[in-house]
>>> print(open('data38.txt').read())   # compact mmCIF, C-alpha atoms
# COMPACT_ATOMS: atom_id res chain seq x y z
CA MET A 114 -16.33 12.45 4.12
CA PHE A 115 -14.64 14.82 1.68
CA THR A 116 -13.20 18.28 2.12
CA PRO A 117 -14.35 21.16 -0.13
CA GLN A 118 -11.08 20.68 -2.04
CA GLY A 119 -11.89 17.03 -2.75
CA PRO A 120 -13.55 15.48 -5.82
CA THR A 121 -17.25 15.81 -6.53
CA LEU A 122 -19.55 12.80 -6.66
CA ARG A 123 -19.58 13.08 -10.44
CA GLU A 124 -15.78 13.06 -10.59
CA LEU A 125 -15.66 9.96 -8.41
CA ALA A 126 -18.22 8.25 -10.63
CA VAL A 127 -16.15 9.00 -13.74
CA GLN A 128 -13.06 7.63 -11.99
CA ALA A 129 -14.84 4.45 -10.94
CA LEU A 130 -15.99 3.83 -14.53
CA SER A 131 -12.43 4.16 -15.85
CA SER A 132 -9.48 1.79 -15.64
CA ILE A 133 -7.40 1.87 -12.47
CA GLU A 134 -4.62 3.77 -14.23
CA HIS A 135 -6.81 6.37 -15.92
CA GLY A 136 -9.07 6.67 -12.88
CA TYR A 137 -6.17 7.64 -10.65
CA ASP A 138 -4.81 9.98 -13.30
CA LEU A 139 -8.13 11.82 -13.09
CA LEU A 140 -8.26 11.77 -9.29
CA ALA A 141 -4.61 12.68 -8.70
CA PRO A 142 -4.96 16.49 -8.28
CA LYS A 143 -7.53 16.00 -5.51
CA PHE A 144 -6.45 12.61 -4.12
CA ASP A 145 -4.87 14.00 -0.96
CA HIS A 146 -8.22 15.54 -0.04
CA THR A 147 -10.06 12.19 -0.01
CA PRO A 148 -10.37 9.41 2.60
CA PHE A 149 -8.55 7.11 0.15
CA ARG A 150 -5.21 8.62 1.12
CA THR A 151 -3.58 6.71 3.97
CA PRO A 152 -4.12 8.72 7.20
CA ASP A 153 -1.08 10.39 8.70
CA ALA A 154 -1.65 8.44 11.93
CA ILE A 155 -0.99 5.14 10.13
CA LEU A 156 2.02 6.52 8.25
CA GLU A 157 3.53 7.84 11.47
CA ALA A 158 2.85 4.60 13.37
CA VAL A 159 4.65 2.54 10.72
CA GLY A 160 7.58 4.95 10.66
CA LYS A 161 7.85 4.80 14.42
CA ALA A 162 7.71 0.98 14.45
CA LEU A 163 10.41 0.69 11.77
CA ALA A 164 12.78 3.26 13.24
CA PRO A 165 14.47 0.89 15.75
CA VAL A 166 15.32 -1.51 12.89
CA GLY A 167 16.89 1.18 10.72
CA PRO A 168 18.42 3.20 9.38
CA PHE A 169 18.14 1.63 5.95
CA GLY A 170 20.04 2.31 2.75
CA ALA A 171 17.66 2.40 -0.22
CA GLY A 172 13.87 2.38 0.15
CA LEU A 173 10.99 1.72 -2.24
CA ASP A 174 7.37 2.80 -1.84
CA LEU A 175 5.27 0.27 -3.76
CA CYS A 176 2.20 1.90 -5.35
CA CYS A 177 3.35 5.23 -3.95
CA GLY A 178 0.45 7.35 -5.24
CA THR A 179 1.14 10.99 -4.44
CA GLY A 180 4.09 10.10 -2.24
CA ALA A 181 2.72 10.25 1.30
CA GLY A 182 4.52 7.02 2.22
CA MET A 183 7.76 8.34 0.78
CA GLU A 184 7.82 10.90 3.57
CA VAL A 185 8.09 7.92 5.94
CA LEU A 186 10.93 6.47 3.88
CA ARG A 187 12.82 9.77 3.86
CA GLY A 188 13.01 9.56 7.63
CA LEU A 189 14.27 5.97 7.54
CA CYS A 190 16.63 5.75 4.54
CA ARG A 191 20.06 7.28 4.05
CA GLU A 192 20.82 6.65 0.38
CA SER A 193 17.72 6.89 -1.77
CA VAL A 194 13.94 6.79 -1.78
CA THR A 195 12.04 5.59 -4.86
CA GLY A 196 8.32 5.66 -5.50
CA VAL A 197 6.73 3.39 -8.09
CA ASP A 198 3.16 3.70 -9.37
CA ILE A 199 1.19 2.95 -12.52
CA SER A 200 -0.53 6.36 -12.58
CA THR A 201 1.33 9.17 -14.32
CA GLY A 202 -0.98 11.70 -12.69
CA MET A 203 -0.28 10.48 -9.17
CA LEU A 204 3.47 10.49 -9.83
CA ALA A 205 3.28 14.06 -11.11
CA VAL A 206 1.67 15.20 -7.87
CA GLY A 207 4.30 13.31 -5.90
CA ARG A 208 7.12 14.96 -7.82
CA SER A 209 5.67 18.39 -7.19
CA ARG A 210 5.51 17.66 -3.46
CA LEU A 211 8.84 15.95 -2.87
CA GLY A 212 11.00 16.95 -5.82
CA THR A 213 13.50 14.63 -7.52
CA GLY A 214 17.08 14.33 -8.60
CA GLU A 215 18.96 15.80 -5.65
CA PRO A 216 22.03 13.66 -4.92
CA ALA A 217 22.07 11.75 -1.66
CA GLY A 218 23.83 13.69 1.04
CA ALA A 219 23.62 17.03 -0.76
CA SER A 220 21.22 18.31 1.87
CA GLY A 221 21.50 15.52 4.41
CA ALA A 222 18.48 13.77 2.85
CA PRO A 223 18.27 10.73 0.56
CA ALA A 224 17.90 11.15 -3.19
CA VAL A 225 14.29 10.95 -4.39
CA ALA A 226 13.06 9.33 -7.61
CA PHE A 227 9.67 8.41 -9.10
CA VAL A 228 9.22 5.56 -11.58
CA ARG A 229 6.12 4.68 -13.57
CA ALA A 230 5.68 0.91 -13.58
CA ASP A 231 3.25 -1.88 -12.79
CA ALA A 232 3.85 -3.26 -9.29
CA ARG A 233 3.45 -6.76 -10.74
CA ALA A 234 6.46 -6.25 -13.02
CA LEU A 235 8.97 -4.13 -11.11
CA PRO A 236 11.84 -2.83 -13.29
CA PHE A 237 14.53 -3.14 -10.63
CA GLY A 238 17.21 -5.56 -9.54
CA PRO A 239 17.94 -6.44 -5.89
CA GLU A 240 18.77 -2.88 -4.88
CA PHE A 241 16.49 -2.03 -1.95
CA ASP A 242 16.84 -2.56 1.79
CA LEU A 243 13.26 -1.63 2.63
CA VAL A 244 10.01 -1.78 0.67
CA VAL A 245 6.83 -0.29 2.10
CA SER A 246 3.29 -0.09 0.82
CA PHE A 247 0.22 1.70 2.15
CA GLY A 248 -3.37 0.95 1.23
CA ALA A 249 -2.70 -0.52 -2.22
CA PHE A 250 -3.37 -4.23 -1.86
CA GLY A 251 -7.09 -4.01 -2.53
CA HIS A 252 -6.16 -3.36 -6.16
CA PHE A 253 -4.76 -6.87 -6.56
CA LEU A 254 -6.78 -10.04 -6.88
CA PRO A 255 -5.89 -12.88 -4.48
CA ARG A 256 -4.41 -14.89 -7.35
CA GLU A 257 -2.00 -12.01 -8.08
CA LEU A 258 -0.43 -11.97 -4.60
CA PRO A 259 2.13 -14.75 -5.30
CA GLY A 260 3.57 -12.84 -8.26
CA LEU A 261 3.40 -9.51 -6.45
CA PHE A 262 5.24 -10.79 -3.38
CA SER A 263 7.80 -12.69 -5.46
CA GLY A 264 8.51 -9.46 -7.33
CA VAL A 265 9.11 -7.60 -4.08
CA HIS A 266 11.38 -10.40 -2.88
CA ALA A 267 13.41 -10.06 -6.09
CA VAL A 268 14.09 -6.31 -5.65
CA LEU A 269 15.22 -6.63 -2.02
CA ARG A 270 18.82 -7.11 -1.04
CA PRO A 271 19.56 -10.10 1.21
CA GLY A 272 18.12 -9.34 4.62
CA GLY A 273 15.87 -6.64 3.18
CA ARG A 274 12.43 -5.99 4.63
CA PHE A 275 8.97 -5.57 3.17
CA ALA A 276 6.72 -3.71 5.61
CA PHE A 277 3.10 -2.64 5.47
CA PRO A 278 0.18 -2.05 7.86
CA ILE A 279 -2.88 -4.25 7.92
CA MET A 280 -6.08 -3.47 9.76
CA ALA A 281 -8.18 -6.04 11.60
CA PRO A 282 -11.43 -6.82 9.76
CA PRO A 283 -14.50 -5.05 11.15
CA ARG A 284 -16.71 -7.01 13.51
CA ALA A 285 -19.44 -8.91 11.66
CA GLY A 286 -22.66 -6.91 11.71
CA SER A 287 -20.96 -3.61 12.55
CA PRO A 288 -21.56 -0.51 10.39
CA TRP A 289 -18.06 -0.80 8.89
CA TYR A 290 -18.69 -4.46 8.05
CA TRP A 291 -21.81 -3.61 6.08
CA ALA A 292 -20.16 -0.59 4.47
CA LEU A 293 -17.23 -2.66 3.16
CA LEU A 294 -19.51 -5.48 2.08
CA GLY A 295 -21.69 -3.01 0.20
CA PHE A 296 -18.68 -1.37 -1.44
CA ASP A 297 -17.28 -4.73 -2.55
CA THR A 298 -20.66 -5.75 -3.93
CA VAL A 299 -20.98 -2.55 -5.95
CA MET A 300 -17.47 -2.98 -7.37
CA ARG A 301 -18.14 -6.60 -8.35
CA VAL A 302 -21.35 -5.67 -10.12
CA ARG A 303 -19.58 -2.81 -11.90
CA ASN A 304 -16.79 -5.14 -13.03
CA ALA A 305 -19.27 -7.75 -14.22
CA VAL A 306 -20.91 -5.33 -16.65
CA ARG A 307 -18.12 -2.94 -17.65
CA ARG A 308 -14.60 -3.15 -19.05
CA PRO A 309 -11.89 -2.35 -18.24
CA THR A 310 -12.30 -3.54 -14.68
CA PHE A 311 -11.51 -1.43 -11.63
CA VAL A 312 -10.24 -3.81 -8.95
CA MET A 313 -10.70 -2.55 -5.40
CA TYR A 314 -11.66 -5.41 -3.09
CA TYR A 315 -10.22 -4.72 0.35
CA ARG A 316 -12.14 -7.52 2.06
CA THR A 317 -10.06 -10.13 0.18
CA PHE A 318 -6.74 -9.10 1.76
CA ARG A 319 -6.81 -11.42 4.78
CA LEU A 320 -3.93 -11.84 7.20
CA VAL A 321 -3.89 -15.64 7.00
CA ASP A 322 -3.68 -15.54 3.20
CA VAL A 323 -1.06 -12.81 3.21
CA ARG A 324 1.24 -14.68 5.60
CA ARG A 325 0.91 -17.87 3.56
CA GLU A 326 1.79 -16.17 0.28
CA LEU A 327 4.69 -14.25 1.83
CA ALA A 328 6.16 -17.54 3.08
CA ARG A 329 5.79 -19.09 -0.37
CA ALA A 330 7.65 -16.12 -1.86
CA GLY A 331 10.60 -16.76 0.47
CA PHE A 332 9.86 -14.36 3.32
CA ARG A 333 9.93 -14.86 7.05
CA THR A 334 7.17 -12.73 8.55
CA GLU A 335 6.94 -10.86 11.81
CA LEU A 336 3.83 -9.18 13.23
CA HIS A 337 4.15 -5.95 15.18
CA PRO A 338 1.04 -4.51 16.86
CA LEU A 339 0.50 -0.82 16.21
CA THR A 340 -0.54 0.01 19.73
CA GLU A 341 -1.64 3.53 18.85
CA PHE A 342 -4.88 2.09 17.47
CA GLY A 343 -5.87 0.05 20.51
CA ARG A 344 -7.29 -3.45 20.69
CA ARG A 345 -10.51 -5.22 19.80
CA ARG A 346 -12.84 -6.81 22.33
CA ASP A 347 -10.99 -10.13 22.04
CA GLY A 348 -7.68 -8.45 22.87
CA SER A 349 -6.22 -8.62 19.37
CA PRO A 350 -4.69 -5.44 17.88
CA ARG A 351 -6.85 -3.25 15.68
CA ALA A 352 -3.82 -2.66 13.46
CA ARG A 353 -0.60 -4.53 12.84
CA MET A 354 2.52 -3.95 10.84
CA ILE A 355 3.72 -6.93 8.86
CA VAL A 356 7.47 -7.09 8.37
CA ALA A 357 8.54 -9.72 5.83
CA VAL A 358 12.26 -10.45 5.85
CA ARG A 359 13.99 -11.87 2.80
CA GLU A 360 14.77 -15.33 4.10
CA ASP A 361 17.82 -16.27 2.00
CA ASP A 362 20.23 -14.08 4.00
CA PRO A 363 22.42 -16.39 6.12
CA ALA A 364 22.87 -13.61 8.66
CA VAL A 365 19.14 -13.54 9.41
CA THR A 366 17.98 -15.97 12.09
>>> encode(input="data38.txt", output="structure tokens")
Amino acid sequence: MFTPQGPTLRELAVQALSSIEHGYDLLAPKFDHTPFRTPDAILEAVGKALAPVGPFGAGLDLCCGTGAGMEVLRGLCRESVTGVDISTGMLAVGRSRLGTGEPAGASGAPAVAFVRADARALPFGPEFDLVVSFGAFGHFLPRELPGLFSGVHAVLRPGGRFAFPIMAPPRAGSPWYWALLGFDTVMRVRNAVRRPTFVMYYRTFRLVDVRRELARAGFRTELHPLTEFGRRRDGSPRARMIVAVREDDPAVT
């Protein structure tokens, strides 16, 4: 699953036994060479689906990691692109890839900034028109979603959008089903016997729960199938993009 440039099994084990923050600090130099990085196909599909709604002013990549999602934002936003993450190491890699500090318009591209912060306590006011996130929600427990989504709502301008992809759950009994179940089980056992915990439970991020919590946070949600990934046997999309619109804008209907 890993390229020769990726982490060794020992390095992954050390990461998994650390806290989320320190674990990603350790993994950061090799993160882009692991399957944990969001595939370019998903990034491109989300960018393509959002393009007709844009362009946007200011964009935020929530839990930006090494900045792969910020490349999507740079193609959608005119003013600025900000990445926020709790890992100093991941942010350092992102800065080396994308750079920072160039004024908007100086080269026809938005200004780029990286901010270290916890996604559950965002240090911003309502200054963004678009917030995106890729592959980060498994790091939050279900009980944390209300606060997380309320925080995103608070940093969006009226009419702003919160967009992210969500994959259909694997068919029960399929190899992917058992793989995810096994991974979740291992993580729960690890967290039962070791502190600090390392939360990574992707099976708990269910569409029905997500839509309910987004509505409670004040969002109106839209579902957009990402047709590039095909459909399941029952005809439902294998991948969707959720677009949550800040509901308190009187211009939004």
>>> closest_atom_pairs(input="data38.txt", of="region 166-242 of chain A", to="region 150-161 of chain A", cutoff="9 Å", atoms="only C-alpha atoms", output="tab-separated table")
residue	atom	partner	partner_atom	distance
A:Gly178	CA	A:Arg150	CA	8.6
A:Thr179	CA	A:Arg150	CA	8.8
A:Ala181	CA	A:Thr151	CA	7.7
A:Gly182	CA	A:Leu156	CA	6.5
A:Glu184	CA	A:Leu156	CA	8.6
A:Val185	CA	A:Gly160	CA	5.6
A:Leu186	CA	A:Gly160	CA	7.7
A:Gly188	CA	A:Gly160	CA	7.7
A:Leu189	CA	A:Gly160	CA	7.5
>>> residues_around(input="data38.txt", residues="Ser193 (chain A)", least_positions_apart="4", cutoff="7 Å", atoms="only C-alpha atoms", output="number ranges by chain")
A: 170-172, 217, 223-225
>>> residues_around(input="data38.txt", residues="Glu335 (chain A)", least_positions_apart="4", cutoff="10 Å", atoms="all atoms listed in the file", output="list in words")
Ala276, Arg324, Arg353, Met354, Ile355, Val356, Ala357 and Val358 of chain A
>>> atom_distance(input="data38.txt", atom1="CA of Arg308 (chain A)", atom2="CA of Asp174 (chain A)")
28.5 Å
>>> atom_distance(input="data38.txt", atom1="CA of Arg316 (chain A)", atom2="CA of Tyr290 (chain A)")
9.4 Å
>>> atom_distance(input="data38.txt", atom1="CA of Pro288 (chain A)", atom2="CA of Arg345 (chain A)")
15.3 Å
>>> residues_around(input="data38.txt", residues="Arg333 (chain A)", least_positions_apart="2", cutoff="12 Å", atoms="all atoms listed in the file", output="CSV table (one decimal) with C-alpha atoms, in the frame of the given file")
chain,number,residue,atom,x,y,z
A,266,HIS,CA,11.4,-10.4,-2.9
A,272,GLY,CA,18.1,-9.3,4.6
A,273,GLY,CA,15.9,-6.6,3.2
A,274,ARG,CA,12.4,-6.0,4.6
A,275,PHE,CA,9.0,-5.6,3.2
A,276,ALA,CA,6.7,-3.7,5.6
A,323,VAL,CA,-1.1,-12.8,3.2
A,324,ARG,CA,1.2,-14.7,5.6
A,325,ARG,CA,0.9,-17.9,3.6
A,326,GLU,CA,1.8,-16.2,0.3
A,327,LEU,CA,4.7,-14.2,1.8
A,328,ALA,CA,6.2,-17.5,3.1
A,329,ARG,CA,5.8,-19.1,-0.4
A,330,ALA,CA,7.6,-16.1,-1.9
A,331,GLY,CA,10.6,-16.8,0.5
A,335,GLU,CA,6.9,-10.9,11.8
A,336,LEU,CA,3.8,-9.2,13.2
A,355,ILE,CA,3.7,-6.9,8.9
A,356,VAL,CA,7.5,-7.1,8.4
A,357,ALA,CA,8.5,-9.7,5.8
A,358,VAL,CA,12.3,-10.4,5.8
A,359,ARG,CA,14.0,-11.9,2.8
A,360,GLU,CA,14.8,-15.3,4.1
A,361,ASP,CA,17.8,-16.3,2.0
A,362,ASP,CA,20.2,-14.1,4.0
A,365,VAL,CA,19.1,-13.5,9.4
A,366,THR,CA,18.0,-16.0,12.1
>>> closest_atom_pairs(input="data38.txt", of="region 210-278 of chain A", to="region 127-147 of chain A", cutoff="12 Å", atoms="all atoms listed in the file", output="tab-separated table")
residue	atom	partner	partner_atom	distance
A:Arg210	CA	A:Asp145	CA	11.3
A:Arg229	CA	A:Glu134	CA	10.8
A:Ala230	CA	A:Glu134	CA	10.7
A:Asp231	CA	A:Glu134	CA	9.8
A:Ala249	CA	A:Ile133	CA	11.5
A:Gly251	CA	A:Ile133	CA	11.6
A:His252	CA	A:Ile133	CA	8.3
A:Phe253	CA	A:Ile133	CA	10.9
>>> closest_residue(input="data38.txt", among="A:Leu163, A:Val245, A:Leu175, A:Leu211", to="Leu339 (chain A)", atoms="all atoms listed in the file")
A:Leu163
>>> residues_around(input="data38.txt", residues="Phe227 (chain A)", least_positions_apart="2", cutoff="6 Å", atoms="all atoms listed in the file", output="ChimeraX atom specification")
/A:195-197
>>> closest_residue(input="data38.txt", among="A:Val206, A:Met280, A:Cys177, A:Leu122", to="Ala232 (chain A)", atoms="all atoms listed in the file")
A:Cys177
>>> closest_residue(input="data38.txt", among="A:Asp198, A:Asp242, A:Asp347, A:Glu341", to="Val268 (chain A)", atoms="only C-alpha atoms")
A:Asp242
>>> axis_aligned_box(input="data38.txt", around="region 135-152 of chain A", padding_each_side="8 Å", output="lines of an AutoDock Vina configuration file")
center_x = -7.0
center_y = 11.4
center_z = -4.4
size_x = 22.8
size_y = 26.1
size_z = 39.1
>>> closest_residue(input="data38.txt", among="A:Phe262, A:Phe311, A:Arg344, A:Cys190", to="Leu235 (chain A)", atoms="all atoms listed in the file")
A:Phe262
>>> closest_residue(input="data38.txt", among="A:Phe296, A:Tyr315, A:Phe237, A:Phe247", to="Gly180 (chain A)", atoms="all atoms listed in the file")
A:Phe247
>>> closest_residue(input="data38.txt", among="A:Tyr314, A:Ala234, A:Ser246, A:Pro309", to="Gly295 (chain A)", atoms="only C-alpha atoms")
A:Tyr314
